[in-house]
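Raw contents of run.txt, compact mmCIF, C-alpha atoms (C1' of nucleotides):
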```txt
# COMPACT_ATOMS: atom_id res chain seq x y z
CA MET B 1 -19.49 -2.78 21.88
CA ASP B 2 -17.81 -2.65 18.51
CA ALA B 3 -17.35 1.10 18.90
CA ALA B 4 -15.98 0.74 22.43
CA LEU B 5 -13.31 -1.75 21.39
CA LYS B 6 -12.32 0.38 18.45
CA ALA B 7 -12.13 3.47 20.64
CA LEU B 8 -9.96 1.74 23.22
CA ALA B 9 -7.60 0.48 20.54
CA GLU B 10 -6.08 3.95 20.51
CA PRO B 11 -3.53 4.54 23.31
CA ARG B 12 -4.27 8.23 23.63
CA ARG B 13 -7.96 7.57 24.10
CA ARG B 14 -7.19 5.08 26.84
CA GLU B 15 -5.07 7.71 28.54
CA ILE B 16 -7.88 10.25 28.26
CA LEU B 17 -10.33 7.77 29.72
CA ARG B 18 -8.00 7.13 32.61
CA ILE B 19 -7.59 10.83 33.27
CA VAL B 20 -11.33 11.34 33.63
CA TRP B 21 -11.90 8.02 35.34
CA ASN B 22 -12.59 9.38 38.80
CA ARG B 23 -12.89 13.11 38.23
CA GLU B 24 -14.72 15.40 35.88
CA LEU B 25 -12.53 17.62 33.72
CA ALA B 26 -13.07 20.26 31.04
CA ALA B 27 -11.84 19.58 27.52
CA SER B 28 -9.00 22.07 27.75
CA GLU B 29 -7.88 20.61 31.08
CA ILE B 30 -7.75 17.20 29.46
CA ALA B 31 -5.85 18.60 26.50
CA SER B 32 -3.25 20.15 28.80
CA HIS B 33 -2.08 16.64 29.63
CA PHE B 34 -0.95 16.04 26.08
CA ASP B 35 1.34 17.56 23.54
CA VAL B 36 -1.21 17.55 20.73
CA THR B 37 -3.71 20.20 19.71
CA ARG B 38 -6.96 20.72 21.57
CA SER B 39 -8.69 19.98 18.33
CA ALA B 40 -7.19 16.52 18.29
CA ILE B 41 -8.35 15.92 21.86
CA SER B 42 -11.80 17.16 20.94
CA GLN B 43 -11.98 14.60 18.17
CA HIS B 44 -10.86 11.86 20.52
CA LEU B 45 -13.51 12.92 23.01
CA SER B 46 -16.08 12.74 20.25
CA VAL B 47 -15.11 9.16 19.51
CA LEU B 48 -15.19 8.24 23.19
CA ARG B 49 -18.58 9.86 23.56
CA GLN B 50 -20.05 8.00 20.58
CA ALA B 51 -18.79 4.79 22.14
CA ASP B 52 -20.51 5.74 25.40
CA LEU B 53 -17.18 5.64 27.17
CA VAL B 54 -17.48 9.22 28.45
CA ALA B 55 -20.37 11.45 29.44
CA GLU B 56 -20.50 15.14 28.61
CA ARG B 57 -21.90 17.89 30.84
CA ARG B 58 -22.14 21.42 29.48
CA GLU B 59 -21.83 24.39 31.80
CA GLY B 60 -21.42 27.77 30.20
CA THR B 61 -18.69 27.67 27.61
CA HIS B 62 -17.15 24.70 29.36
CA ARG B 63 -17.78 21.08 28.57
CA TYR B 64 -16.94 18.68 31.34
CA TYR B 65 -16.22 15.03 30.70
CA ARG B 66 -16.21 12.02 32.94
CA ALA B 67 -15.69 8.32 32.24
CA ARG B 68 -18.72 6.06 31.99
CA THR B 69 -17.33 3.17 33.95
CA GLU B 70 -20.42 1.05 33.29
CA THR B 71 -19.52 0.79 29.61
CA VAL B 72 -16.10 -0.58 30.47
CA ALA B 73 -17.84 -3.05 32.78
CA GLU B 74 -20.02 -4.12 29.87
CA LEU B 75 -16.92 -4.60 27.78
CA ARG B 76 -15.51 -6.81 30.51
CA ALA B 77 -18.67 -8.88 30.44
CA PHE B 78 -18.35 -9.08 26.68
CA LEU B 79 -14.86 -10.48 26.98
CA ASP B 80 -16.12 -12.96 29.55
CA ASP B 81 -19.07 -14.29 27.63
CA TYR B 82 -18.72 -13.64 23.92
CA TRP B 83 -16.48 -16.52 22.90
CA THR B 84 -17.29 -18.93 25.68
CA SER B 85 -21.03 -18.75 25.29
CA GLY B 86 -22.69 -21.81 23.80
CA LEU B 87 -25.04 -19.56 21.87
CA GLY B 88 -22.11 -17.85 20.27
CA ARG B 89 -20.59 -21.14 19.19
CA LEU B 90 -23.89 -22.32 17.80
CA ARG B 91 -24.23 -19.13 15.82
CA VAL B 92 -20.78 -19.59 14.33
CA ALA B 93 -21.56 -23.18 13.36
CA ALA B 94 -24.85 -22.12 11.82
CA GLU B 95 -23.15 -19.43 9.78
CA ALA B 96 -20.54 -21.84 8.54
CA ALA B 97 -23.20 -24.32 7.46
CA GLU B 98 -25.14 -21.53 5.78
CA ARG B 99 -22.09 -20.42 3.84
CA LYS B 100 -21.24 -23.94 2.78
CA LYS B 101 -24.83 -24.45 1.65
CA ARG B 102 -25.00 -21.48 -0.65
CA GLY B 103 -21.83 -22.54 -2.45
CA ARG B 104 -18.40 -21.03 -2.27
CA MET L 1 -1.74 -5.60 25.59
CA ASP L 2 -1.72 -2.76 23.14
CA ALA L 3 -1.44 -5.24 20.29
CA ALA L 4 -4.25 -7.40 21.66
CA LEU L 5 -6.69 -4.51 21.89
CA LYS L 6 -5.79 -3.34 18.42
CA ALA L 7 -6.21 -6.85 17.05
CA LEU L 8 -9.62 -7.26 18.66
CA ALA L 9 -10.80 -3.94 17.29
CA GLU L 10 -11.32 -5.69 13.97
CA PRO L 11 -14.63 -7.61 13.75
CA ARG L 12 -13.28 -10.26 11.41
CA ARG L 13 -10.42 -11.06 13.76
CA ARG L 14 -12.85 -11.44 16.63
CA GLU L 15 -14.83 -13.87 14.52
CA ILE L 16 -11.69 -15.84 13.71
CA LEU L 17 -10.76 -15.97 17.35
CA ARG L 18 -14.19 -17.26 18.22
CA ILE L 19 -14.01 -19.93 15.55
CA VAL L 20 -10.79 -21.35 16.98
CA TRP L 21 -11.80 -20.73 20.57
CA ASN L 22 -12.42 -24.33 21.53
CA ARG L 23 -11.07 -26.27 18.55
CA GLU L 24 -7.92 -26.31 16.52
CA LEU L 25 -8.36 -25.55 12.82
CA ALA L 26 -6.12 -25.27 9.77
CA ALA L 27 -5.80 -21.93 8.03
CA SER L 28 -7.84 -23.00 5.02
CA GLU L 29 -10.60 -24.33 7.25
CA ILE L 30 -10.75 -20.99 8.98
CA ALA L 31 -10.77 -19.19 5.64
CA SER L 32 -13.71 -21.28 4.42
CA HIS L 33 -15.89 -19.50 6.97
CA PHE L 34 -15.44 -16.18 5.22
CA ASP L 35 -15.99 -14.67 1.82
CA VAL L 36 -12.57 -13.05 1.58
CA THR L 37 -9.33 -14.40 0.19
CA ARG L 38 -7.20 -16.88 2.10
CA SER L 39 -4.44 -14.34 1.91
CA ALA L 40 -6.53 -11.90 3.89
CA ILE L 41 -7.21 -14.54 6.53
CA SER L 42 -3.53 -15.38 6.65
CA GLN L 43 -2.75 -11.76 7.35
CA HIS L 44 -5.36 -11.63 10.08
CA LEU L 45 -3.89 -14.77 11.60
CA SER L 46 -0.50 -13.13 11.52
CA VAL L 47 -1.83 -10.15 13.47
CA LEU L 48 -3.57 -12.41 15.97
CA ARG L 49 -0.39 -14.39 16.40
CA GLN L 50 1.75 -11.33 17.01
CA ALA L 51 -0.75 -10.28 19.64
CA ASP L 52 -0.44 -13.72 21.26
CA LEU L 53 -4.14 -14.27 20.74
CA VAL L 54 -3.66 -17.49 18.78
CA ALA L 55 -1.05 -20.25 18.82
CA GLU L 56 0.26 -21.91 15.68
CA ARG L 57 1.13 -25.59 15.33
CA ARG L 58 2.74 -26.81 12.09
CA GLU L 59 2.17 -30.33 10.89
CA GLY L 60 3.30 -31.15 7.40
CA THR L 61 1.95 -28.58 5.00
CA HIS L 62 -0.84 -27.71 7.40
CA ARG L 63 -0.77 -25.00 10.01
CA TYR L 64 -3.25 -25.38 12.81
CA TYR L 65 -4.42 -22.50 14.94
CA ARG L 66 -6.08 -22.33 18.31
CA ALA L 67 -7.06 -19.43 20.52
CA ARG L 68 -4.84 -18.53 23.44
CA THR L 69 -7.54 -17.93 25.97
CA GLU L 70 -5.05 -16.84 28.59
CA THR L 71 -4.30 -13.68 26.63
CA VAL L 72 -7.95 -12.74 26.60
CA ALA L 73 -7.99 -13.39 30.33
CA GLU L 74 -5.08 -11.00 30.69
CA LEU L 75 -6.98 -8.44 28.70
CA ARG L 76 -9.90 -8.86 31.09
CA ALA L 77 -7.57 -8.25 34.00
CA PHE L 78 -6.26 -5.18 32.22
CA LEU L 79 -9.77 -3.79 31.91
CA ASP L 80 -10.33 -4.52 35.57
CA ASP L 81 -7.22 -2.90 36.93
CA TYR L 82 -5.75 -0.38 34.53
CA TRP L 83 -7.93 2.62 35.22
CA THR L 84 -8.96 1.85 38.77
CA SER L 85 -5.49 1.19 40.12
CA GLY L 86 -4.11 3.81 42.46
CA LEU L 87 -0.70 3.37 40.91
CA GLY L 88 -2.14 4.22 37.54
CA ARG L 89 -3.72 7.39 38.85
CA LEU L 90 -0.49 8.44 40.51
CA ARG L 91 1.39 7.91 37.30
CA VAL L 92 -1.08 10.08 35.41
CA ALA L 93 -0.75 12.86 37.97
CA ALA L 94 3.03 12.64 37.84
CA GLU L 95 3.05 12.87 34.08
CA ALA L 96 0.77 15.87 34.15
CA ALA L 97 3.00 17.66 36.63
CA GLU L 98 6.04 16.79 34.57
CA ARG L 99 4.49 18.19 31.42
CA LYS L 100 3.36 21.35 33.15
CA LYS L 101 6.85 21.80 34.56
CA ARG L 102 8.68 21.64 31.26
CA GLY L 103 6.37 24.23 29.76
CA ARG L 104 3.76 23.93 27.01
C1' DC H 1 13.49 -34.23 -9.17
C1' DT H 2 9.04 -32.40 -10.67
C1' DC H 3 4.25 -31.46 -9.51
C1' DT H 4 0.83 -30.38 -6.51
C1' DT H 5 -0.99 -28.75 -2.08
C1' DG H 6 -1.24 -25.51 1.74
C1' DC H 7 0.15 -21.13 3.36
C1' DG H 8 2.78 -17.10 3.86
C1' DT H 9 4.56 -12.86 1.76
C1' DT H 10 4.81 -8.76 -1.26
C1' DA H 11 3.14 -4.91 -4.00
C1' DG H 12 -0.27 -1.97 -4.77
C1' DC H 13 -4.87 0.13 -4.19
C1' DG H 14 -8.75 2.39 -1.97
C1' DA H 15 -10.49 3.54 2.55
C1' DC H 16 -9.89 5.07 7.08
C1' DG H 17 -7.71 7.42 11.13
C1' DG H 18 -5.17 10.86 13.70
C1' DC H 19 -3.16 15.23 13.37
C1' DT H 20 -2.80 20.27 12.23
C1' DT H 21 -4.44 24.70 10.69
C1' DA H 22 -8.14 27.56 9.99
C1' DA H 23 -12.87 28.75 10.23
C1' DA H 24 -17.35 28.19 12.64
C1' DT H 25 -20.28 27.80 16.81
C1' DT H 26 -21.82 28.54 21.38
C1' DT H 27 -21.84 31.05 25.65
C1' DG H 28 -20.89 34.79 28.70
C1' DC H 29 -19.87 39.68 29.43
C1' DG H 30 -19.49 44.72 28.74
C1' DC J 1 -24.63 44.23 19.80
C1' DG J 2 -19.51 43.37 19.74
C1' DC J 3 -15.85 40.84 21.62
C1' DA J 4 -13.38 37.21 23.89
C1' DA J 5 -13.10 32.40 25.61
C1' DA J 6 -13.99 27.36 25.15
C1' DT J 7 -14.73 23.95 22.08
C1' DT J 8 -16.34 21.80 17.85
C1' DT J 9 -16.15 21.36 12.83
C1' DA J 10 -13.98 21.43 8.12
C1' DA J 11 -10.29 20.67 4.96
C1' DG J 12 -6.26 18.53 3.89
C1' DC J 13 -1.90 15.77 4.72
C1' DC J 14 0.19 11.50 5.60
C1' DG J 15 0.55 7.10 7.66
C1' DT J 16 -1.83 2.77 8.53
C1' DC J 17 -5.15 -0.96 7.39
C1' DG J 18 -7.63 -4.54 5.07
C1' DC J 19 -8.10 -6.46 0.77
C1' DT J 20 -6.77 -8.65 -3.81
C1' DA J 21 -3.63 -10.57 -7.13
C1' DA J 22 0.60 -12.59 -7.99
C1' DC J 23 4.50 -14.75 -6.55
C1' DG J 24 7.39 -17.55 -3.22
C1' DC J 25 8.24 -21.52 -0.36
C1' DA J 26 8.11 -25.67 2.26
C1' DA J 27 6.50 -30.44 2.29
C1' DG J 28 4.56 -34.64 0.68
C1' DA J 29 3.28 -37.64 -3.80
C1' DG J 30 4.65 -39.71 -7.81
```
Now, as a test, write the supplied structure out as structure tokens.
Amino acid sequence: MDAALKALAEPRRREILRIVWNRELAASEIASHFDVTRSAISQHLSVLRQADLVAERREGTHRYYRARTETVAELRAFLDDYWTSGLGRLRVAAEAAERKKRGR
Amino acid sequence: MDAALKALAEPRRREILRIVWNRELAASEIASHFDVTRSAISQHLSVLRQADLVAERREGTHRYYRARTETVAELRAFLDDYWTSGLGRLRVAAEAAERKKRGR
DNA sequence: CTCTTGCGTTAGCGACGGCTTAAATTTGCG
DNA sequence: CGCAAATTTAAGCCGTCGCTAACGCAAGAG
């Protein structure tokens, strides 16, 4: 989840994700949408893949990418529950107490 | 929205936001939850404020902060609609055509 | 008005991130 | 095998980021 948020913090990666949201495209096809090098796009794809935001399918020399919409759904759930959850609040309180206990 | 995502990409800022999610706290009280300098927390608060993720209320020498839950709600809506919206897809296609047209 | 308290702000440092260029890797083809 | 195509990986540049230390500033206390 940490990786997904960090990945989406970059505008270009969001754009890439949107491009492959409902269709599968090869790396070079994705790169053709931008004015940066294919290498740069490849690195962005690597980040997106490590965050499970895209899936990669290899076919010959091509590598096709598509968005993993489930991960974005999980992120949505995270935004829904993370702060509002009672467990989360309890954990925060516990950590604060712990920190106070061991001096500061 | 860009600023909000970027702000939330930092774990410590998420923690801060969670701490002031349902209660209003002064800057120093927030800082006491962490092992970093108050200056660092102040800077984080500044980022959160510029992203409209927290609201600031001044009272004497104190500055109280609380989370602006509506902004997180907006972010949720963004995650819901941004990629799946037909308008978004059309825009992407238009941009691609435009780029192809003016060479590259 | 001075002193203290509570925070913000600035300068500077080390780490990280995105980009480019160049080299490496993988796959297909003759 | 030898070569070309698609893409990743490596090295290096430069801007940004989070942090600390030091200073600056507003507001109450005396």
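Counting only C-alpha atoms (C1' of nucleotides) and comparing L:Ile41, L:Ala7, L:Ile16, L:Val36, the residue that lies closest to chain H is L:Ile41.
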Checklist entry - So how far away is CA of Glu59 in chain B from C1' of DT21 in chain H, in Å? => result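 Computing it gives 27.4 Å between the two atoms.
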Next on the checklist: With 9 Å as the threshold, what does the neighbourhood of (-17.6, 2.1, 20.6) contain in terms of residues, counting only C-alpha atoms (C1' of nucleotides)? Coordinates are those of the file; answer as JSON, numbers by chain.
Outcome noted: {"B": [1, 2, 3, 4, 5, 6, 7, 8, 47, 48, 49, 50, 51, 52, 53]}
Next on the checklist: Ranking L:His62, L:Arg18, L:Ala9, L:Leu25 by minimum distance to DT5 in chain H and counting only C-alpha atoms (C1' of nucleotides), which one comes first?
Outcome noted: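 Nearest candidate to DT5 in chain H out of L:His62, L:Arg18, L:Ala9, L:Leu25: L:His62.
Here is the contact set of chain J against chain B, at 12 Å and counting all atoms listed in the file: DA4, DA5, DA6, DT7, DT8, DT9 and DA10 of chain J.
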Which residues of chain H come within 12 Å of chain B, and what is each one's closest atom pair and distance in Å (one decimal), counting only C-alpha atoms (C1' of nucleotides), sorted by chain and residue number, as JSON lines?
```
{"residue": "H:DG17", "atom": "C1'", "partner": "B:Glu10", "partner_atom": "CA", "distance": 10.1}
{"residue": "H:DG18", "atom": "C1'", "partner": "B:Ala40", "partner_atom": "CA", "distance": 7.6}
{"residue": "H:DC19", "atom": "C1'", "partner": "B:Ala40", "partner_atom": "CA", "distance": 6.5}
{"residue": "H:DT20", "atom": "C1'", "partner": "B:Thr37", "partner_atom": "CA", "distance": 7.5}
{"residue": "H:DT21", "atom": "C1'", "partner": "B:Ser39", "partner_atom": "CA", "distance": 9.9}
{"residue": "H:DA22", "atom": "C1'", "partner": "B:Ser39", "partner_atom": "CA", "distance": 11.3}
{"residue": "H:DT25", "atom": "C1'", "partner": "B:Thr61", "partner_atom": "CA", "distance": 10.9}
{"residue": "H:DT26", "atom": "C1'", "partner": "B:Thr61", "partner_atom": "CA", "distance": 7.0}
{"residue": "H:DT27", "atom": "C1'", "partner": "B:Thr61", "partner_atom": "CA", "distance": 5.0}
{"residue": "H:DG28", "atom": "C1'", "partner": "B:Gly60", "partner_atom": "CA", "distance": 7.2}
```
Item to check | Distance of CA of His33 in chain L from C1' of DC23 in chain J, expressed in Å to one decimal place | outcome: 24.9 Å
Checklist entry - Which distance in Å separates CA of Glu24 in chain L and CA of Ala67 in chain L, to one decimal? => result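 Interatomic distance, CA of Glu24 in chain L to CA of Ala67 in chain L: 8.0 Å.
Comparing the minimum interatomic distances between chain B and each of L:Thr71, L:Arg13, L:Phe34, L:Arg57, counting all atoms listed in the file, we find that L:Phe34 sits nearest.
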Around all the atoms of range 33-46 of chain L listed in the file, with 3 Å of room on each side, what axis-aligned box do you get, giving centre and edge lengths in Å to one decimal, as lines of an AutoDock Vina configuration file?
```
center_x = -8.2
center_y = -15.6
center_z = 5.9
size_x = 21.5
size_y = 13.9
size_z = 17.4
```
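Every protein, DNA or RNA residue with an atom at most 12 Å from DG24 in chain J, where only C-alpha atoms (C1' of nucleotides) count and chain neighbours fewer than 6 positions away do not, is listed here: H:DC7, H:DG8, H:DT9, H:DT10.
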Next on the checklist: Can you tell me which residues surround Phe78 in chain B at a distance of at most 10 Å, considering only C-alpha atoms (C1' of nucleotides), apart from same-chain residues fewer than 5 positions away, and format the answer as a list in words?
Outcome noted: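 Here the qualifying residues turn out to be Met1, Val72, Ala73, Trp83 and Thr84 of chain B; Arg76 of chain L.
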Item to check | Which of L:Ile30, L:Val54, L:Trp21, L:Glu74 sits closest to chain B [using only C-alpha atoms] | outcome: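 Once distances to chain B are computed over only C-alpha atoms, the minimum belongs to L:Trp21.
Nearest to chain L of all the residues B:Leu79, B:Ala31, B:Ala55, B:Leu45 is B:Leu79, counting only C-alpha atoms.
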Item to check | Distance query DG14 in chain H at most 12 Å, all atoms listed in the file, self and fewer than 6 positions along chain excluded, as a VMD selection string | outcome: chain J and resid 17 to 20
